[in-house]
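**Student:** So here's query14.txt, just compact mmCIF, C-alpha atoms:
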# COMPACT_ATOMS: atom_id res chain seq x y z
CA MET A 1 59.83 -13.92 -38.33
CA LYS A 2 57.49 -11.39 -39.92
CA ASN A 3 56.41 -8.45 -37.72
CA TYR A 4 58.36 -9.83 -34.77
CA ASP A 5 59.01 -7.21 -32.08
CA PRO A 6 61.19 -8.46 -29.17
CA VAL A 7 60.14 -5.58 -26.91
CA LYS A 8 56.43 -6.26 -27.32
CA THR A 9 57.01 -10.00 -26.89
CA THR A 10 58.92 -9.36 -23.65
CA TYR A 11 56.12 -7.13 -22.37
CA ALA A 12 53.52 -9.79 -23.25
CA VAL A 13 55.48 -12.52 -21.45
CA ILE A 14 55.89 -10.33 -18.36
CA ILE A 15 52.17 -9.48 -18.30
CA ILE A 16 51.22 -13.17 -18.65
CA LEU A 17 53.61 -14.21 -15.85
CA VAL A 18 52.40 -11.46 -13.52
CA SER A 19 48.76 -12.35 -14.28
CA LEU A 20 49.38 -16.02 -13.47
CA PHE A 21 51.17 -15.05 -10.26
CA ALA A 22 48.24 -12.79 -9.31
CA LEU A 23 45.83 -15.68 -9.87
CA TYR A 24 48.04 -17.91 -7.73
CA ILE A 25 48.25 -15.55 -4.75
CA THR A 26 44.49 -14.91 -4.82
CA SER A 27 43.50 -18.57 -5.35
CA ALA A 28 42.89 -19.04 -1.61
CA PHE A 29 40.23 -16.31 -1.78
CA PHE A 30 38.55 -17.63 -4.93
CA TYR A 31 35.55 -19.01 -3.07
CA VAL A 32 35.35 -15.81 -1.02
CA MET A 33 35.10 -13.70 -4.18
CA VAL A 34 32.55 -16.04 -5.73
CA PHE A 35 30.44 -16.00 -2.58
CA SER A 36 30.71 -12.20 -2.37
CA ALA A 37 29.48 -11.83 -5.95
CA LEU A 38 26.62 -14.25 -5.34
CA PHE A 39 25.68 -12.58 -2.06
CA ALA A 40 25.66 -9.17 -3.72
CA TYR A 41 23.48 -10.54 -6.53
CA VAL A 42 20.98 -12.06 -4.08
CA ILE A 43 20.53 -8.90 -1.99
CA HIS A 44 20.71 -6.54 -4.99
CA PRO A 45 16.87 -6.29 -5.26
CA VAL A 46 16.81 -4.90 -1.71
CA TYR A 47 19.53 -2.43 -2.71
CA ASP A 48 17.47 -1.32 -5.74
CA PHE A 49 14.36 -0.94 -3.59
CA CYS A 50 16.21 1.27 -1.10
CA LEU A 51 17.73 3.29 -3.94
CA ARG A 52 14.25 4.36 -5.06
CA TYR A 53 13.71 6.28 -1.82
CA ILE A 54 17.28 6.94 -0.65
CA LYS A 55 19.48 8.40 -3.37
CA ASN A 56 22.72 7.61 -1.54
CA LYS A 57 24.35 4.41 -2.87
CA GLN A 58 26.54 3.91 0.18
CA ILE A 59 23.63 4.00 2.61
CA CYS A 60 21.52 1.75 0.38
CA ALA A 61 24.35 -0.80 0.29
CA LEU A 62 24.75 -0.74 4.08
CA ILE A 63 21.05 -1.34 4.76
CA PRO A 64 20.81 -4.97 3.44
CA LEU A 65 24.26 -5.82 4.83
CA SER A 66 23.28 -4.55 8.28
CA ALA A 67 19.97 -6.41 8.13
CA VAL A 68 21.71 -9.70 7.29
CA PHE A 69 24.30 -9.13 10.04
CA LEU A 70 21.61 -8.42 12.64
CA LEU A 71 19.65 -11.48 11.55
CA ILE A 72 22.67 -13.78 11.85
CA ALA A 73 23.78 -12.25 15.15
CA SER A 74 20.32 -12.45 16.72
CA SER A 75 19.88 -16.05 15.54
CA GLY A 76 23.25 -16.99 17.00
CA ILE A 77 22.43 -15.34 20.34
CA ILE A 78 19.08 -17.13 20.51
CA MET A 79 20.73 -20.49 19.78
CA VAL A 80 23.45 -19.94 22.40
CA LYS A 81 20.88 -18.91 25.02
CA ALA A 82 18.76 -21.98 24.26
CA LEU A 83 21.82 -24.23 24.46
CA MET A 84 22.93 -22.70 27.77
CA SER A 85 19.41 -23.09 29.15
CA GLU A 86 19.29 -26.77 28.25
CA VAL A 87 22.79 -27.39 29.66
CA SER A 88 21.86 -25.70 32.93
CA ARG A 89 18.78 -27.92 33.20
CA ILE A 90 20.91 -31.02 32.73
CA LEU A 91 23.33 -29.89 35.41
CA GLU A 92 20.48 -29.32 37.84
CA ILE A 93 19.32 -32.95 37.62
CA PRO A 94 20.28 -34.88 40.81
CA ASN A 95 22.94 -37.61 40.55
CA THR A 96 24.38 -36.20 37.32
CA LEU A 97 27.68 -34.45 36.74
CA ASN A 98 27.67 -32.45 39.98
CA GLY A 99 26.75 -35.46 42.05
CA PHE A 100 29.43 -37.65 40.49
CA ALA A 101 32.02 -34.89 40.82
CA ASN A 102 31.48 -34.67 44.58
CA MET A 103 31.67 -38.42 45.19
CA ASP A 104 34.93 -40.10 46.18
CA LEU A 105 36.33 -42.45 43.57
CA ARG A 106 37.22 -44.99 46.29
CA ARG A 107 33.64 -44.94 47.53
CA ILE A 108 32.31 -45.57 43.99
CA VAL A 109 34.66 -48.52 43.54
CA GLY A 110 33.72 -49.82 46.97
CA LEU A 111 30.14 -50.22 45.85
CA PHE A 112 31.29 -52.95 43.47
CA GLU A 113 33.52 -54.69 46.04
CA PRO A 114 31.20 -57.74 46.42
CA PHE A 115 31.41 -58.36 42.68
CA ILE A 116 35.15 -57.93 42.04
CA GLN A 117 38.24 -59.82 43.20
CA THR A 118 40.71 -56.90 43.20
CA HIS A 119 41.05 -54.80 46.35
CA PRO A 120 39.37 -51.41 45.99
CA GLY A 121 42.57 -49.57 46.81
CA LYS A 122 44.60 -51.31 44.10
CA LEU A 123 41.75 -50.92 41.64
CA THR A 124 41.59 -47.20 42.41
CA GLU A 125 45.34 -46.87 41.84
CA SER A 126 45.16 -48.68 38.53
CA ILE A 127 42.25 -46.52 37.41
CA GLY A 128 44.14 -43.41 38.47
CA GLY A 129 47.23 -44.52 36.56
CA TYR A 130 45.14 -45.22 33.49
CA LEU A 131 43.53 -41.77 33.70
CA ASN A 132 46.95 -40.13 34.11
CA SER A 133 48.33 -41.91 31.06
CA LEU A 134 45.17 -41.06 29.14
CA VAL A 135 45.52 -37.38 30.01
CA THR A 136 49.24 -37.42 29.21
CA ASP A 137 48.62 -38.95 25.80
CA TYR A 138 45.68 -36.82 24.75
CA VAL A 139 46.50 -33.40 26.23
CA PRO A 140 48.97 -32.57 23.40
CA ARG A 141 46.36 -33.57 20.84
CA ILE A 142 43.75 -31.44 22.58
CA GLN A 143 46.16 -28.50 22.61
CA ASN A 144 46.86 -28.95 18.91
CA ASN A 145 43.14 -29.10 18.20
CA ILE A 146 42.57 -25.91 20.19
CA VAL A 147 45.31 -24.13 18.24
CA GLN A 148 43.90 -25.41 14.95
CA ILE A 149 40.37 -24.34 15.86
CA SER A 150 41.54 -20.86 16.89
CA THR A 151 43.49 -20.52 13.64
CA ASP A 152 40.53 -21.63 11.53
CA LEU A 153 38.27 -19.28 13.46
CA SER A 154 40.61 -16.36 12.80
CA ILE A 155 40.69 -17.19 9.07
CA LEU A 156 36.89 -17.48 9.02
CA ILE A 157 36.52 -14.05 10.64
CA ILE A 158 38.89 -12.51 8.08
CA GLU A 159 36.98 -14.16 5.23
CA LEU A 160 33.66 -12.86 6.56
CA ILE A 161 35.08 -9.34 6.77
CA VAL A 162 36.37 -9.59 3.19
CA ILE A 163 32.99 -10.89 2.00
CA ALA A 164 31.19 -7.99 3.65
CA VAL A 165 33.57 -5.39 2.17
CA LEU A 166 33.50 -6.91 -1.33
CA THR A 167 29.72 -7.18 -1.24
CA TYR A 168 29.46 -3.53 -0.26
CA TYR A 169 31.60 -2.35 -3.18
CA LEU A 170 29.88 -4.71 -5.63
CA LEU A 171 26.52 -3.19 -4.68
CA VAL A 172 27.77 0.38 -4.95
CA GLU A 173 29.41 -0.24 -8.34
CA SER A 174 26.71 -2.58 -9.70
CA GLU A 175 25.62 -0.19 -12.47
CA THR A 176 29.18 0.33 -13.68
CA ILE A 177 29.89 -3.41 -13.61
CA ALA A 178 26.72 -4.19 -15.60
CA ALA A 179 27.67 -1.59 -18.24
CA GLU A 180 31.22 -2.92 -18.55
CA LEU A 181 30.12 -6.54 -18.90
CA ILE A 182 28.41 -5.80 -22.21
CA ASN A 183 31.65 -4.40 -23.63
CA LEU A 184 33.37 -7.76 -23.10
CA PHE A 185 31.40 -9.29 -26.00
CA PRO A 186 32.46 -8.84 -29.63
CA ASP A 187 28.81 -8.40 -30.61
CA ARG A 188 27.01 -6.00 -28.28
CA LYS A 189 23.52 -7.25 -29.18
CA THR A 190 24.52 -10.86 -28.53
CA GLY A 191 26.00 -9.78 -25.23
CA MET A 192 22.78 -8.04 -24.22
CA VAL A 193 20.73 -11.15 -25.04
CA PHE A 194 23.15 -13.43 -23.17
CA LEU A 195 23.33 -11.23 -20.06
CA GLY A 196 19.56 -10.88 -20.04
CA GLU A 197 19.07 -14.66 -20.16
CA LEU A 198 21.81 -15.18 -17.57
CA ASN A 199 20.14 -12.69 -15.26
CA HIS A 200 16.74 -14.40 -15.56
CA ILE A 201 18.25 -17.85 -15.01
CA TYR A 202 20.29 -16.79 -11.99
CA GLN A 203 17.25 -15.06 -10.55
CA ASN A 204 15.38 -18.35 -10.77
CA LEU A 205 18.26 -20.44 -9.44
CA PHE A 206 19.42 -18.17 -6.62
CA VAL A 207 17.10 -15.29 -5.78
CA VAL A 208 13.83 -17.17 -6.20
CA TYR A 209 15.32 -20.29 -4.61
CA PHE A 210 16.68 -18.34 -1.63
CA LEU A 211 13.45 -16.40 -1.08
CA THR A 212 11.40 -19.60 -1.30
CA CYS A 213 13.60 -21.28 1.32
CA LEU A 214 13.42 -18.18 3.51
CA ALA A 215 9.63 -18.18 3.28
CA THR A 216 9.64 -21.91 4.12
CA GLY A 217 11.66 -21.22 7.27
CA ALA A 218 9.35 -18.38 8.32
CA ILE A 219 6.24 -20.52 7.76
CA GLY A 220 7.90 -23.35 9.70
CA ALA A 221 8.65 -21.08 12.66
CA VAL A 222 5.01 -19.94 12.78
CA LEU A 223 3.78 -23.53 12.44
CA TYR A 224 6.00 -24.76 15.29
CA TRP A 225 4.87 -21.86 17.47
CA VAL A 226 1.19 -22.60 16.82
CA LEU A 227 1.71 -26.26 17.74
CA GLY A 228 3.42 -25.25 20.98
CA ILE A 229 6.86 -26.68 20.15
CA PRO A 230 9.66 -25.15 22.26
CA TYR A 231 12.27 -23.00 20.52
CA SER A 232 10.07 -22.54 17.46
CA LEU A 233 12.31 -19.78 16.07
CA ILE A 234 15.38 -22.01 16.22
CA TRP A 235 13.53 -24.84 14.49
CA GLY A 236 12.36 -22.33 11.86
CA ILE A 237 15.98 -21.35 11.20
CA MET A 238 16.91 -25.03 10.93
CA THR A 239 14.04 -25.52 8.47
CA PHE A 240 15.38 -22.66 6.35
CA ILE A 241 18.89 -24.15 6.35
CA MET A 242 17.65 -27.63 5.47
CA ALA A 243 15.40 -26.22 2.73
CA LEU A 244 18.52 -24.81 1.08
CA LEU A 245 19.79 -28.37 0.59
CA PRO A 246 17.77 -29.92 -2.27
CA VAL A 247 18.49 -33.53 -1.32
CA VAL A 248 17.67 -32.98 2.37
CA GLY A 249 14.77 -30.53 2.36
CA ALA A 250 12.59 -29.06 5.07
CA GLY A 251 10.94 -32.44 5.69
CA THR A 252 13.99 -33.54 7.67
CA VAL A 253 13.20 -31.10 10.48
CA TYR A 254 9.48 -31.66 10.95
CA CYS A 255 9.81 -35.43 10.47
CA LEU A 256 12.45 -35.65 13.22
CA LEU A 257 10.26 -33.53 15.49
CA ALA A 258 7.31 -35.78 14.72
CA LEU A 259 9.39 -38.84 15.58
CA TYR A 260 10.34 -37.26 18.92
CA TYR A 261 6.68 -36.65 19.78
CA VAL A 262 5.84 -40.22 18.80
CA LEU A 263 8.47 -41.46 21.27
CA ILE A 264 6.95 -39.38 24.07
CA GLN A 265 3.49 -40.63 23.01
CA ASP A 266 2.15 -37.25 21.90
CA TYR A 267 0.52 -38.61 18.77
CA PHE A 268 -1.63 -35.56 18.06
CA THR A 269 1.36 -33.20 17.78
CA ALA A 270 3.28 -35.78 15.73
CA GLY A 271 0.41 -36.21 13.28
CA ALA A 272 -0.18 -32.46 13.05
CA LEU A 273 3.52 -31.90 12.30
CA VAL A 274 3.53 -34.40 9.45
CA PHE A 275 0.20 -33.33 7.95
CA LEU A 276 0.68 -29.55 8.23
CA GLY A 277 4.37 -29.83 7.36
CA ILE A 278 3.61 -31.53 4.05
CA ILE A 279 1.04 -28.85 3.18
CA PHE A 280 2.76 -25.67 4.37
CA LEU A 281 6.44 -26.64 4.11
CA ASN A 282 6.40 -28.67 0.88
CA VAL A 283 3.28 -28.07 -1.22
CA VAL A 284 2.83 -24.32 -0.61
CA PRO A 285 6.51 -23.33 -1.21
CA ASP A 286 6.93 -25.52 -4.31
CA PHE A 287 3.56 -24.96 -6.00
CA VAL A 288 2.45 -21.52 -4.77
CA ILE A 289 5.38 -19.37 -3.63
CA ARG A 290 8.03 -20.45 -6.14
CA PRO A 291 5.83 -20.04 -9.29
CA LYS A 292 4.75 -16.59 -8.07
CA LEU A 293 8.36 -15.47 -7.67
CA ALA A 294 9.79 -17.13 -10.79
CA LYS A 295 9.43 -15.52 -14.19
CA SER A 296 7.77 -17.61 -16.88
CA ARG A 297 10.49 -17.01 -19.49
CA ALA A 298 13.20 -18.16 -17.06
CA ALA A 299 11.38 -21.27 -15.90
CA ILE A 300 13.85 -24.10 -15.31
CA HIS A 301 12.91 -27.75 -15.16
CA PRO A 302 13.01 -29.11 -11.57
CA ALA A 303 15.35 -31.91 -12.67
CA ILE A 304 17.93 -29.37 -13.87
CA THR A 305 17.62 -27.45 -10.61
CA LEU A 306 18.12 -30.62 -8.57
CA ILE A 307 21.19 -31.66 -10.57
CA ALA A 308 22.66 -28.15 -10.47
CA PHE A 309 22.46 -27.94 -6.67
CA ALA A 310 23.01 -31.56 -5.64
CA ALA A 311 25.40 -33.23 -8.10
CA PRO A 312 28.42 -30.90 -7.61
CA VAL A 313 28.31 -31.44 -3.84
CA PHE A 314 29.50 -35.03 -4.31
CA VAL A 315 32.44 -33.85 -6.44
CA ILE A 316 33.78 -30.63 -4.92
CA GLY A 317 32.09 -30.61 -1.52
CA PRO A 318 29.66 -28.10 0.07
CA ILE A 319 30.90 -25.27 -2.15
CA GLY A 320 29.23 -27.16 -5.01
CA ILE A 321 25.90 -25.67 -3.89
CA ILE A 322 27.22 -22.37 -5.25
CA ILE A 323 29.55 -23.45 -8.08
CA GLY A 324 27.07 -25.95 -9.56
CA PRO A 325 24.18 -23.55 -10.25
CA LEU A 326 26.64 -20.93 -11.54
CA THR A 327 28.03 -23.41 -14.06
CA TYR A 328 24.73 -24.93 -15.17
CA GLY A 329 23.11 -21.49 -15.37
CA PHE A 330 25.93 -20.19 -17.59
CA LEU A 331 25.61 -23.13 -20.01
CA LEU A 332 21.82 -22.82 -20.09
CA ALA A 333 22.13 -19.10 -20.87
CA VAL A 334 24.50 -19.90 -23.77
CA PHE A 335 22.03 -22.44 -25.15
CA ARG A 336 19.06 -20.09 -24.86
CA THR A 337 20.98 -17.18 -26.39
CA LYS A 338 21.92 -19.27 -29.41
CA LYS A 339 18.32 -20.40 -29.78
CA ILE A 340 16.95 -16.84 -29.51
CA ILE A 341 19.40 -15.45 -32.07
CA LYS A 342 18.68 -18.29 -34.49
CA THR A 343 14.93 -17.82 -34.12
CA SER A 344 15.28 -14.04 -34.60
CA ARG A 345 17.28 -14.49 -37.78
CA ILE A 346 14.71 -16.90 -39.24
CA GLN A 347 11.91 -14.47 -38.42
CA ALA A 348 13.89 -11.61 -39.95
CA GLU A 349 14.45 -13.60 -43.17
CA LYS A 350 10.75 -14.40 -43.38
CA LEU A 351 9.93 -10.74 -42.82
CA VAL A 352 12.28 -9.64 -45.61
CA ALA A 353 10.88 -12.28 -47.97
CA GLY A 354 7.37 -11.08 -47.20
CA GLN A 355 8.37 -7.50 -47.90
CA PHE A 356 9.82 -8.49 -51.31
CA GLU A 357 6.64 -10.40 -52.21
CA ALA A 358 4.42 -7.50 -51.16
CA SER A 359 6.56 -5.04 -53.13
CA ALA A 360 6.44 -7.25 -56.22
CA GLU A 361 2.65 -7.58 -56.02
CA LYS A 362 2.25 -3.81 -55.72
CA LYS A 363 4.47 -3.26 -58.76
CA VAL A 364 2.44 -5.71 -60.81
CA GLU A 365 -0.84 -4.11 -59.78
CA LYS A 366 0.41 -0.64 -60.72
CA SER A 367 1.72 -1.86 -64.08
CA THR A 368 -1.68 -3.28 -65.02
CA GLU A 369 -3.26 0.11 -64.37
CA LEU A 370 -0.85 2.02 -66.69
CA PRO A 371 -2.19 3.42 -70.02
CA ALA A 372 -1.44 1.62 -73.24
CA GLY A 373 1.91 2.26 -74.83
CA ARG A 374 3.77 2.90 -71.52
CA PRO A 375 6.42 0.26 -70.67
CA ILE A 376 5.70 -1.99 -67.71
CA GLU A 377 8.16 -1.67 -64.82
CA ARG A 378 9.54 -4.95 -63.60
CA PRO A 379 9.90 -5.63 -59.84
CA PRO A 380 13.46 -5.65 -58.54
CA GLU A 381 15.09 -9.02 -58.09
CA ALA A 382 15.53 -10.24 -54.51
CA SER A 383 19.29 -10.40 -54.62
CA SER A 384 21.57 -10.89 -51.67
CA ASP A 385 22.70 -7.25 -51.94
CA ASN A 386 19.15 -6.04 -51.48
CA PHE A 387 18.71 -8.41 -48.53
CA PHE A 388 21.65 -7.06 -46.57
CA ALA A 389 20.90 -3.48 -47.61
CA LEU A 390 17.76 -3.53 -45.51
CA GLU A 391 17.95 -2.56 -41.89
CA ILE A 392 17.23 -5.66 -39.79
CA ASN A 393 16.85 -5.52 -36.04
CA PRO A 394 15.90 -8.98 -34.73
CA TRP A 395 16.09 -7.78 -31.11
CA HIS A 396 13.48 -5.08 -31.64
If you convert what's in this file into structure tokens, what do you get?
**Tutor:**
Amino acid sequence: MKNYDPVKTTYAVIIILVSLFALYITSAFFYVMVFSALFAYVIHPVYDFCLRYIKNKQICALIPLSAVFLLIASSGIIMVKALMSEVSRILEIPNTLNGFANMDLRRIVGLFEPFIQTHPGKLTESIGGYLNSLVTDYVPRIQNNIVQISTDLSILIIELIVIAVLTYYLLVESETIAAELINLFPDRKTGMVFLGELNHIYQNLFVVYFLTCLATGAIGAVLYWVLGIPYSLIWGIMTFIMALLPVVGAGTVYCLLALYYVLIQDYFTAGALVFLGIIFLNVVPDFVIRPKLAKSRAAIHPAITLIAFAAPVFVIGPIGIIIGPLTYGFLLAVFRTKKIIKTSRIQAEKLVAGQFEASAEKKVEKSTELPAGRPIERPPEASSDNFFALEINPWH
């Protein structure tokens, strides 16, 4: 075979095999790396803002990470305290768990003695035997579940640590990464156009979407507090989480709360929740906050946004909320880049044609002004060589 080098072929095969093996051993952390990159992209504006005043990249990267950690930790503590408070109230109710725990099983069965044929003692023994067999059968399963939960919790903690570390380094090296991405394209100008469109689209799909949902949760917390609903901060966090799900939306939270107040016959609070919720948790975020945050050139049709976030969930699960917009945004950036380059080339061709026409007209005008006897200069022909000889910069 012509130009066949066995040494280079062996090296190429080894590199391909090692690369495939590297992809295999890191496949379990694929979603972790994707989420780290997305998380770094979302909080990157905060990093840039801090970098204007603090010239240390490491400190600027730690500030948004610490803020997110404190927000999650404080929200978790508030939820646990609210849950413990509600559980303690339930346990304080008379004739509940404490009351039943202190009562003798034989005494409970004796209450039903007039209505049953079996002697209370035999019935108690049969119930005790049934409970023993039930415990014997299900204790191993409970133990296995506890082991599985502890294992999953350990893996989750490791993944969260990896996400935090990767996000930190992605923020610190963001400028270097952005510069290297352009070099991956054969045509540098095309790469700049594509990355610019991809950045605008992802800003609309992720940053603007996330900030809009965060504002919806904050408005919801204030609204619940004004209406006197207990645990308004927790319900605001739930509103933020539900707003992240396009199919569910923030309406799930305030509608369920309104239904609860209808059941307890507090119709004023229920009506206020529905009316104010529609205005401040649906209309204001979608028609006031989102357009203010989104850039006009990166505007994406709501139908595309809904499909990008919702459709992949039914195929690949909850991770589709991340993978779907990444995929649709990439394809939309390719389409827009092709359209921009095509439009720029057409405009450049029209500009060159106009320059040739103007040059020809000037030549003709000058030739008519020449004295008699002097030969008339003819305008140059618009050949293809002259076309490509001109300096064209469609991205100017």
**Student:** Considering all atoms listed in the file, can you say which of A:Val208, A:Met192, A:Met79, A:Leu17 comes closest to Pro45 of chain A?
**Tutor:**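 Answer, going by the shortest atom-to-atom distance: A:Val208.
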**Student:** Residues at most 12 Å from segment 145-159 of chain A, counting all atoms listed in the file, excluding those fewer than 6 positions away in the same chain, as a PyMOL selection string?
**Tutor:** chain A and resi 28-36+138-139+165-167
**Student:** From the set A:Asn199, A:Thr212, A:Thr176, A:Ser85, which residue has the shortest atom-to-atom contact distance to Pro291 of chain A, counting only C-alpha atoms?
**Tutor:**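 Nearest candidate to Pro291 of chain A out of A:Asn199, A:Thr212, A:Thr176, A:Ser85: A:Thr212.
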**Student:** Between atom CA of Phe287 of chain A and atom CA of Phe309 of chain A, measure the distance and give it in Å to one decimal.
**Tutor:**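 Taking atom CA of Phe287 of chain A as the start and atom CA of Phe309 of chain A as the end point, the length is 19.1 Å.
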**Student:** Give, as JSON, the centre coordinates and the x, y and z edge lengths in Å to one decimal for an axis-aligned box around all listed atoms of segment 248-262 of chain A, padded by 5 Å on each side.
**Tutor:**
{"center_x": 11.8, "center_y": -34.6, "center_z": 11.1, "size_x": 21.8, "size_y": 21.2, "size_z": 27.4}
**Student:** Using all atoms listed in the file, which of A:Leu256, A:Leu198, A:Ile289, A:Ile25 sits nearest Thr327 of chain A?
**Tutor:**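 Answer, going by the shortest atom-to-atom distance: A:Leu198.
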**Student:** Interatomic distance between atom CA of Trp235 of chain A and atom CA of Ala67 of chain A?
**Tutor:**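 Distance between the two atoms: 20.5 Å.
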**Student:** As an exercise, work out the distance from atom CA of Val193 of chain A to atom CA of Lys339 of chain A in Å and give it to one decimal place.
**Tutor:**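 Distance between the two atoms: 10.7 Å.
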**Student:** List the spatial neighbours of Ser74 of chain A as a PDB file with C-alpha atoms, keeping the file's coordinate frame - criterion: any atom at most 12 Å away, only C-alpha atoms, same-chain residues fewer than 6 positions off excluded.
**Tutor:**
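selection_34.pdb, freshly written:
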ATOM      1  CA  SER A  66      23.280  -4.550   8.280  1.00  0.00           C
ATOM      2  CA  ALA A  67      19.970  -6.410   8.130  1.00  0.00           C
ATOM      3  CA  VAL A  68      21.710  -9.700   7.290  1.00  0.00           C
ATOM      4  CA  VAL A  80      23.450 -19.940  22.400  1.00  0.00           C
ATOM      5  CA  LYS A  81      20.880 -18.910  25.020  1.00  0.00           C
ATOM      6  CA  LEU A 233      12.310 -19.780  16.070  1.00  0.00           C
ATOM      7  CA  ILE A 234      15.380 -22.010  16.220  1.00  0.00           C
ATOM      8  CA  ILE A 237      15.980 -21.350  11.200  1.00  0.00           C
TER       9      ILE A 237
END
**Student:** Which of these residues is nearest to Ala61 of chain A, using all atoms listed in the file: A:Val283, A:Leu170, A:Ile14, A:Met84?
**Tutor:**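 Ranked by minimum distance to Ala61 of chain A, first place goes to A:Leu170.
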**Student:** Residues at most 12 Å from Ile322 of chain A, counting only C-alpha atoms, excluding those fewer than 3 positions away in the same chain, as a short mmCIF file (atom, residue, chain, number, x, y, z; two decimals) with C-alpha atoms, keeping the file's coordinate frame?
**Tutor:**
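Once written, selection-v5.cif looks like this:
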data_model
loop_
_atom_site.label_atom_id
_atom_site.label_comp_id
_atom_site.auth_asym_id
_atom_site.auth_seq_id
_atom_site.Cartn_x
_atom_site.Cartn_y
_atom_site.Cartn_z
CA TYR A 31 35.55 -19.01 -3.07
CA VAL A 32 35.35 -15.81 -1.02
CA MET A 33 35.10 -13.70 -4.18
CA VAL A 34 32.55 -16.04 -5.73
CA PHE A 35 30.44 -16.00 -2.58
CA SER A 36 30.71 -12.20 -2.37
CA ALA A 37 29.48 -11.83 -5.95
CA LEU A 38 26.62 -14.25 -5.34
CA PHE A 39 25.68 -12.58 -2.06
CA TYR A 202 20.29 -16.79 -11.99
CA LEU A 205 18.26 -20.44 -9.44
CA PHE A 206 19.42 -18.17 -6.62
CA PHE A 210 16.68 -18.34 -1.63
CA LEU A 244 18.52 -24.81 1.08
CA LEU A 245 19.79 -28.37 0.59
CA ALA A 308 22.66 -28.15 -10.47
CA PHE A 309 22.46 -27.94 -6.67
CA ALA A 310 23.01 -31.56 -5.64
CA ALA A 311 25.40 -33.23 -8.10
CA PRO A 312 28.42 -30.90 -7.61
CA VAL A 313 28.31 -31.44 -3.84
CA ILE A 316 33.78 -30.63 -4.92
CA GLY A 317 32.09 -30.61 -1.52
CA PRO A 318 29.66 -28.10 0.07
CA ILE A 319 30.90 -25.27 -2.15
CA PRO A 325 24.18 -23.55 -10.25
CA LEU A 326 26.64 -20.93 -11.54
CA THR A 327 28.03 -23.41 -14.06
CA TYR A 328 24.73 -24.93 -15.17
CA GLY A 329 23.11 -21.49 -15.37
#
**Student:** I need the residue nearest Val288 of chain A from this list: A:Ser27, A:Asn144, A:Thr216, A:Gln58. Use only C-alpha atoms for the distance.
**Tutor:**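 Closest to Val288 of chain A of all the choices is A:Thr216.
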**Student:** For a quick check of understanding, using all atoms listed in the file, which of A:Leu257, A:Ala22, A:Cys60, A:Met238 has the smallest distance to Asp48 of chain A?
**Tutor:**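 For Asp48 of chain A, the nearest of the candidates is A:Cys60.
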**Student:** Here's a test: counting all atoms listed in the file, identify every protein, DNA and RNA residue with an atom at most 12 Å from (11.4, -33.9, 9.9) in the file's coordinate frame, and state them as a ChimeraX atom specification.
**Tutor:** /A:220,224,235-236,238-239,242-243,248-261,270-271,273-278,281-282
**Student:** What lies within 10 Å of Leu65 of chain A using only C-alpha atoms, ignoring chain neighbours under 6 positions off, as a PDB file with C-alpha atoms, keeping the file's coordinate frame?
**Tutor:**
ATOM      1  CA  PHE A  39      25.680 -12.580  -2.060  1.00  0.00           C
ATOM      2  CA  ALA A  40      25.660  -9.170  -3.720  1.00  0.00           C
ATOM      3  CA  ILE A  43      20.530  -8.900  -1.990  1.00  0.00           C
ATOM      4  CA  VAL A  46      16.810  -4.900  -1.710  1.00  0.00           C
ATOM      5  CA  TYR A  47      19.530  -2.430  -2.710  1.00  0.00           C
ATOM      6  CA  LEU A  71      19.650 -11.480  11.550  1.00  0.00           C
ATOM      7  CA  ALA A 164      31.190  -7.990   3.650  1.00  0.00           C
ATOM      8  CA  VAL A 165      33.570  -5.390   2.170  1.00  0.00           C
ATOM      9  CA  THR A 167      29.720  -7.180  -1.240  1.00  0.00           C
ATOM     10  CA  TYR A 168      29.460  -3.530  -0.260  1.00  0.00           C
TER      11      TYR A 168
END
